[in-house]
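Pasted below: work.pdb, PDB, C-alpha atoms, pLDDT in the B column.
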```pdb
ATOM      1  CA  GLN O   1     -52.786  25.455   9.005  1.00 84.00           C
ATOM      2  CA  VAL O   2     -54.515  24.806   5.694  1.00 92.00           C
ATOM      3  CA  GLN O   3     -52.814  24.175   2.388  1.00 96.00           C
ATOM      4  CA  LEU O   4     -54.732  24.947  -0.779  1.00 97.00           C
ATOM      5  CA  VAL O   5     -53.981  23.712  -4.283  1.00 98.00           C
ATOM      6  CA  GLU O   6     -55.896  25.034  -7.282  1.00 98.00           C
ATOM      7  CA  SER O   7     -56.327  23.266 -10.604  1.00 98.00           C
ATOM      8  CA  GLY O   8     -58.430  23.475 -13.737  1.00 98.00           C
ATOM      9  CA  GLY O   9     -57.206  26.674 -15.288  1.00 97.00           C
ATOM     10  CA  GLY O  10     -56.379  26.989 -18.957  1.00 97.00           C
ATOM     11  CA  LEU O  11     -57.101  28.686 -22.253  1.00 98.00           C
ATOM     12  CA  VAL O  12     -60.688  28.915 -23.457  1.00 98.00           C
ATOM     13  CA  GLN O  13     -62.542  30.882 -26.090  1.00 98.00           C
ATOM     14  CA  ALA O  14     -65.036  33.558 -25.156  1.00 98.00           C
ATOM     15  CA  GLY O  15     -68.391  31.991 -24.379  1.00 98.00           C
ATOM     16  CA  GLY O  16     -66.799  28.800 -23.165  1.00 98.00           C
ATOM     17  CA  SER O  17     -66.651  27.185 -19.734  1.00 98.00           C
ATOM     18  CA  LEU O  18     -64.083  26.036 -17.211  1.00 98.00           C
ATOM     19  CA  ARG O  19     -64.328  24.464 -13.791  1.00 98.00           C
ATOM     20  CA  LEU O  20     -61.702  25.298 -11.216  1.00 98.00           C
ATOM     21  CA  SER O  21     -61.018  23.072  -8.245  1.00 98.00           C
ATOM     22  CA  CYS O  22     -59.270  23.794  -4.971  1.00 98.00           C
ATOM     23  CA  ALA O  23     -58.158  20.895  -2.805  1.00 98.00           C
ATOM     24  CA  ALA O  24     -57.551  21.620   0.870  1.00 97.00           C
ATOM     25  CA  SER O  25     -55.512  19.749   3.426  1.00 95.00           C
ATOM     26  CA  GLY O  26     -56.641  19.117   6.970  1.00 81.00           C
ATOM     27  CA  ARG O  27     -59.564  17.525   8.765  1.00 80.00           C
ATOM     28  CA  THR O  28     -61.613  20.636   9.535  1.00 91.00           C
ATOM     29  CA  PHE O  29     -62.410  21.768   6.013  1.00 94.00           C
ATOM     30  CA  SER O  30     -66.106  22.231   6.761  1.00 94.00           C
ATOM     31  CA  SER O  31     -65.280  24.839   9.397  1.00 94.00           C
ATOM     32  CA  TYR O  32     -63.749  27.200   6.826  1.00 96.00           C
ATOM     33  CA  THR O  33     -65.513  29.621   4.587  1.00 97.00           C
ATOM     34  CA  MET O  34     -63.911  29.311   1.164  1.00 97.00           C
ATOM     35  CA  GLY O  35     -63.475  31.955  -1.455  1.00 98.00           C
ATOM     36  CA  TRP O  36     -62.223  32.549  -4.963  1.00 98.00           C
ATOM     37  CA  PHE O  37     -60.374  35.707  -5.938  1.00 98.00           C
ATOM     38  CA  ARG O  38     -58.724  36.737  -9.169  1.00 98.00           C
ATOM     39  CA  GLN O  39     -55.982  39.092 -10.212  1.00 98.00           C
ATOM     40  CA  ALA O  40     -55.463  40.400 -13.717  1.00 97.00           C
ATOM     41  CA  PRO O  41     -52.144  41.966 -14.801  1.00 93.00           C
ATOM     42  CA  GLY O  42     -51.770  45.441 -13.373  1.00 95.00           C
ATOM     43  CA  LYS O  43     -54.910  45.174 -11.267  1.00 97.00           C
ATOM     44  CA  GLU O  44     -55.759  44.537  -7.647  1.00 97.00           C
ATOM     45  CA  ARG O  45     -56.803  41.103  -6.494  1.00 98.00           C
ATOM     46  CA  GLU O  46     -60.586  41.031  -6.441  1.00 98.00           C
ATOM     47  CA  PHE O  47     -63.244  38.876  -4.860  1.00 98.00           C
ATOM     48  CA  VAL O  48     -65.126  36.524  -7.157  1.00 98.00           C
ATOM     49  CA  ALA O  49     -67.221  34.226  -4.975  1.00 98.00           C
ATOM     50  CA  GLY O  50     -67.407  32.719  -1.498  1.00 98.00           C
ATOM     51  CA  ILE O  51     -69.212  29.878   0.242  1.00 97.00           C
ATOM     52  CA  SER O  52     -69.647  29.156   3.922  1.00 95.00           C
ATOM     53  CA  GLY O  53     -68.591  25.937   5.582  1.00 93.00           C
ATOM     54  CA  SER O  54     -71.691  23.879   6.237  1.00 89.00           C
ATOM     55  CA  ARG O  55     -74.713  26.070   5.519  1.00 91.00           C
ATOM     56  CA  PHE O  56     -73.328  26.700   2.029  1.00 93.00           C
ATOM     57  CA  SER O  57     -74.309  30.343   2.010  1.00 95.00           C
ATOM     58  CA  THR O  58     -72.840  32.011  -1.060  1.00 97.00           C
ATOM     59  CA  LYS O  59     -71.793  35.451  -2.212  1.00 98.00           C
ATOM     60  CA  TYR O  60     -70.769  36.623  -5.676  1.00 98.00           C
ATOM     61  CA  ALA O  61     -69.192  39.654  -7.238  1.00 98.00           C
ATOM     62  CA  ASP O  62     -71.637  41.497  -9.459  1.00 98.00           C
ATOM     63  CA  SER O  63     -69.406  40.907 -12.460  1.00 97.00           C
ATOM     64  CA  VAL O  64     -69.860  37.132 -12.294  1.00 98.00           C
ATOM     65  CA  LYS O  65     -73.421  36.732 -11.023  1.00 98.00           C
ATOM     66  CA  GLY O  66     -75.418  34.439 -13.273  1.00 97.00           C
ATOM     67  CA  ARG O  67     -72.283  33.082 -14.952  1.00 98.00           C
ATOM     68  CA  PHE O  68     -70.173  31.579 -12.168  1.00 98.00           C
ATOM     69  CA  THR O  69     -71.211  29.092  -9.494  1.00 98.00           C
ATOM     70  CA  ILE O  70     -69.252  28.245  -6.368  1.00 98.00           C
ATOM     71  CA  SER O  71     -69.800  24.909  -4.642  1.00 98.00           C
ATOM     72  CA  ARG O  72     -68.011  22.623  -2.237  1.00 97.00           C
ATOM     73  CA  ASP O  73     -67.770  18.975  -1.310  1.00 97.00           C
ATOM     74  CA  ASN O  74     -66.765  18.716   2.324  1.00 96.00           C
ATOM     75  CA  ALA O  75     -66.251  14.960   2.066  1.00 95.00           C
ATOM     76  CA  LYS O  76     -63.568  15.612  -0.558  1.00 96.00           C
ATOM     77  CA  ASN O  77     -62.121  18.786   1.041  1.00 97.00           C
ATOM     78  CA  THR O  78     -62.666  20.541  -2.259  1.00 98.00           C
ATOM     79  CA  VAL O  79     -64.256  23.766  -3.427  1.00 98.00           C
ATOM     80  CA  TYR O  80     -65.194  24.403  -7.043  1.00 98.00           C
ATOM     81  CA  LEU O  81     -65.805  27.363  -9.280  1.00 98.00           C
ATOM     82  CA  GLN O  82     -67.877  26.614 -12.358  1.00 98.00           C
ATOM     83  CA  MET O  83     -67.355  29.406 -14.869  1.00 98.00           C
ATOM     84  CA  ASN O  84     -69.723  29.694 -17.835  1.00 98.00           C
ATOM     85  CA  TYR O  85     -70.092  32.283 -20.588  1.00 98.00           C
ATOM     86  CA  LEU O  86     -66.517  33.355 -20.064  1.00 98.00           C
ATOM     87  CA  LYS O  87     -65.397  36.741 -21.326  1.00 98.00           C
ATOM     88  CA  PRO O  88     -61.930  38.104 -22.124  1.00 97.00           C
ATOM     89  CA  ASP O  89     -62.290  40.314 -19.014  1.00 97.00           C
ATOM     90  CA  ASP O  90     -62.327  37.140 -16.909  1.00 98.00           C
ATOM     91  CA  THR O  91     -58.688  36.532 -17.818  1.00 98.00           C
ATOM     92  CA  ALA O  92     -56.692  36.440 -14.587  1.00 98.00           C
ATOM     93  CA  VAL O  93     -54.893  34.269 -12.101  1.00 98.00           C
ATOM     94  CA  TYR O  94     -57.548  32.711  -9.893  1.00 98.00           C
ATOM     95  CA  TYR O  95     -56.791  32.111  -6.235  1.00 98.00           C
ATOM     96  CA  CYS O  96     -58.517  29.929  -3.700  1.00 98.00           C
ATOM     97  CA  ALA O  97     -58.701  31.193  -0.119  1.00 98.00           C
ATOM     98  CA  ALA O  98     -59.885  29.935   3.265  1.00 97.00           C
ATOM     99  CA  SER O  99     -61.229  31.932   6.191  1.00 97.00           C
ATOM    100  CA  ARG O 100     -61.449  30.950   9.859  1.00 94.00           C
ATOM    101  CA  VAL O 101     -64.164  33.496  10.547  1.00 92.00           C
ATOM    102  CA  SER O 102     -67.252  31.915  12.073  1.00 87.00           C
ATOM    103  CA  GLU O 103     -69.984  30.819   9.689  1.00 85.00           C
ATOM    104  CA  ARG O 104     -72.358  32.972  11.771  1.00 86.00           C
ATOM    105  CA  GLN O 105     -70.804  35.941   9.966  1.00 91.00           C
ATOM    106  CA  PRO O 106     -71.790  36.722   6.375  1.00 93.00           C
ATOM    107  CA  VAL O 107     -69.321  35.598   3.735  1.00 95.00           C
ATOM    108  CA  GLY O 108     -66.589  38.204   3.451  1.00 94.00           C
ATOM    109  CA  ASP O 109     -65.497  39.694   0.146  1.00 96.00           C
ATOM    110  CA  TRP O 110     -62.183  41.360   1.067  1.00 95.00           C
ATOM    111  CA  ARG O 111     -58.691  39.901   1.090  1.00 95.00           C
ATOM    112  CA  GLN O 112     -57.974  40.441   4.772  1.00 95.00           C
ATOM    113  CA  TRP O 113     -60.984  38.326   5.761  1.00 96.00           C
ATOM    114  CA  TYR O 114     -59.195  35.263   4.433  1.00 97.00           C
ATOM    115  CA  ASP O 115     -56.323  33.556   6.231  1.00 96.00           C
ATOM    116  CA  TYR O 116     -54.908  31.016   3.789  1.00 96.00           C
ATOM    117  CA  TRP O 117     -54.233  31.227   0.074  1.00 98.00           C
ATOM    118  CA  GLY O 118     -53.335  28.907  -2.757  1.00 98.00           C
ATOM    119  CA  GLN O 119     -50.729  29.584  -5.414  1.00 97.00           C
ATOM    120  CA  GLY O 120     -53.239  30.374  -8.128  1.00 98.00           C
ATOM    121  CA  THR O 121     -54.197  28.992 -11.511  1.00 98.00           C
ATOM    122  CA  GLN O 122     -54.172  30.927 -14.770  1.00 98.00           C
ATOM    123  CA  VAL O 123     -57.373  31.401 -16.736  1.00 98.00           C
ATOM    124  CA  THR O 124     -57.089  32.952 -20.171  1.00 98.00           C
ATOM    125  CA  VAL O 125     -60.136  33.760 -22.270  1.00 98.00           C
ATOM    126  CA  SER O 126     -59.501  34.547 -25.914  1.00 97.00           C
ATOM    127  CA  SER O 127     -61.821  36.717 -27.983  1.00 94.00           C
TER
END
```

Turn the structure described in the file into structure tokens.
Amino acid sequence: QVQLVESGGGLVQAGGSLRLSCAASGRTFSSYTMGWFRQAPGKEREFVAGISGSRFSTKYADSVKGRFTISRDNAKNTVYLQMNYLKPDDTAVYYCAASRVSERQPVGDWRQWYDYWGQGTQVTVSS
């Protein structure tokens, strides 16, 4: 069982930056692929970025490539999402997720690939 707690959300103007953090419980953090998803009002939850456990392979949604960076610190059991050049369309609740799928598999970008979820943190980008 993994517990995930997100932090770092808030209100920012368009063009600004935020860094989200997700702290995970447990001693096997490096064995999990971690992901960030987001859900805007009235929309489906969508994949944003993912990073594998120890090889640090990454995957991004096209909508955030070049603006967002996912990283992790296995010594701190934490995964980060650095968000730059934010747009109003980035407004959503951002969720951290963990997957038990082997790192030999490519990073997944669908909800069912992930086993554990945090409660989410709100990001609001004003125009």

For the provided coordinates, the residues matched by the PyMOL selection byres ((chain O and resi 91) around 10) should be stated as a compact mmCIF listing (two decimals) with C-alpha atoms, keeping the file's coordinate frame.
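Ended up saving to out.txt:
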```txt
# COMPACT_ATOMS: atom_id res chain seq x y z
CA GLY O 10 -56.38 26.99 -18.96
CA LEU O 11 -57.10 28.69 -22.25
CA VAL O 12 -60.69 28.92 -23.46
CA ARG O 38 -58.72 36.74 -9.17
CA GLN O 39 -55.98 39.09 -10.21
CA ALA O 40 -55.46 40.40 -13.72
CA PRO O 41 -52.14 41.97 -14.80
CA LEU O 86 -66.52 33.35 -20.06
CA LYS O 87 -65.40 36.74 -21.33
CA PRO O 88 -61.93 38.10 -22.12
CA ASP O 89 -62.29 40.31 -19.01
CA ASP O 90 -62.33 37.14 -16.91
CA ALA O 92 -56.69 36.44 -14.59
CA VAL O 93 -54.89 34.27 -12.10
CA TYR O 94 -57.55 32.71 -9.89
CA GLN O 122 -54.17 30.93 -14.77
CA VAL O 123 -57.37 31.40 -16.74
CA THR O 124 -57.09 32.95 -20.17
CA VAL O 125 -60.14 33.76 -22.27
CA SER O 126 -59.50 34.55 -25.91
```

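The coordinates place atom CA of O:Met83 at 8.5 Å from atom CA of O:Val64.
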
Can you give me, as a ChimeraX atom specification, the residues this file yields under the PyMOL selection byres ((chain O and resi 48) around 12)?
/O:34-39,45-47,49-51,58-65,67-70,81-83,90,92-97,107-111

For the structure shown, which residues end up in the PyMOL selection byres ((chain O and resi 100) around 9)? Put them as a ChimeraX atom specification, please?
/O:31-33,98-99,101-103,113-116

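Going from atom CA of O:Ser17 to atom CA of O:Val79 covers 16.8 Å.
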
Length of the atom CA of O:Lys43 to atom CA of O:Gly120 vector [Å]:
15.2 Å

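You can rank O:Ser25, O:Asn77, O:Gly16, O:Ser54 by their closest distance to O:Leu4 using all atoms listed in the file, and at the top of that list sits O:Ser25.
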
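Distance check against O:Thr78 using only C-alpha atoms: of O:Gln1, O:Gln13, O:Ser127, O:Ser30, the minimum falls on O:Ser30.
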
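Of the residues listed (O:Tyr85, O:Arg27, O:Tyr80, O:Arg72), O:Tyr80 shows the shortest atom-to-atom separation from O:Gly8; distances use only C-alpha atoms.
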
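Using only C-alpha atoms for every distance, the candidate list O:Thr121, O:Thr28, O:Ala23, O:Pro106 yields O:Pro106 as the residue closest to O:Phe56.
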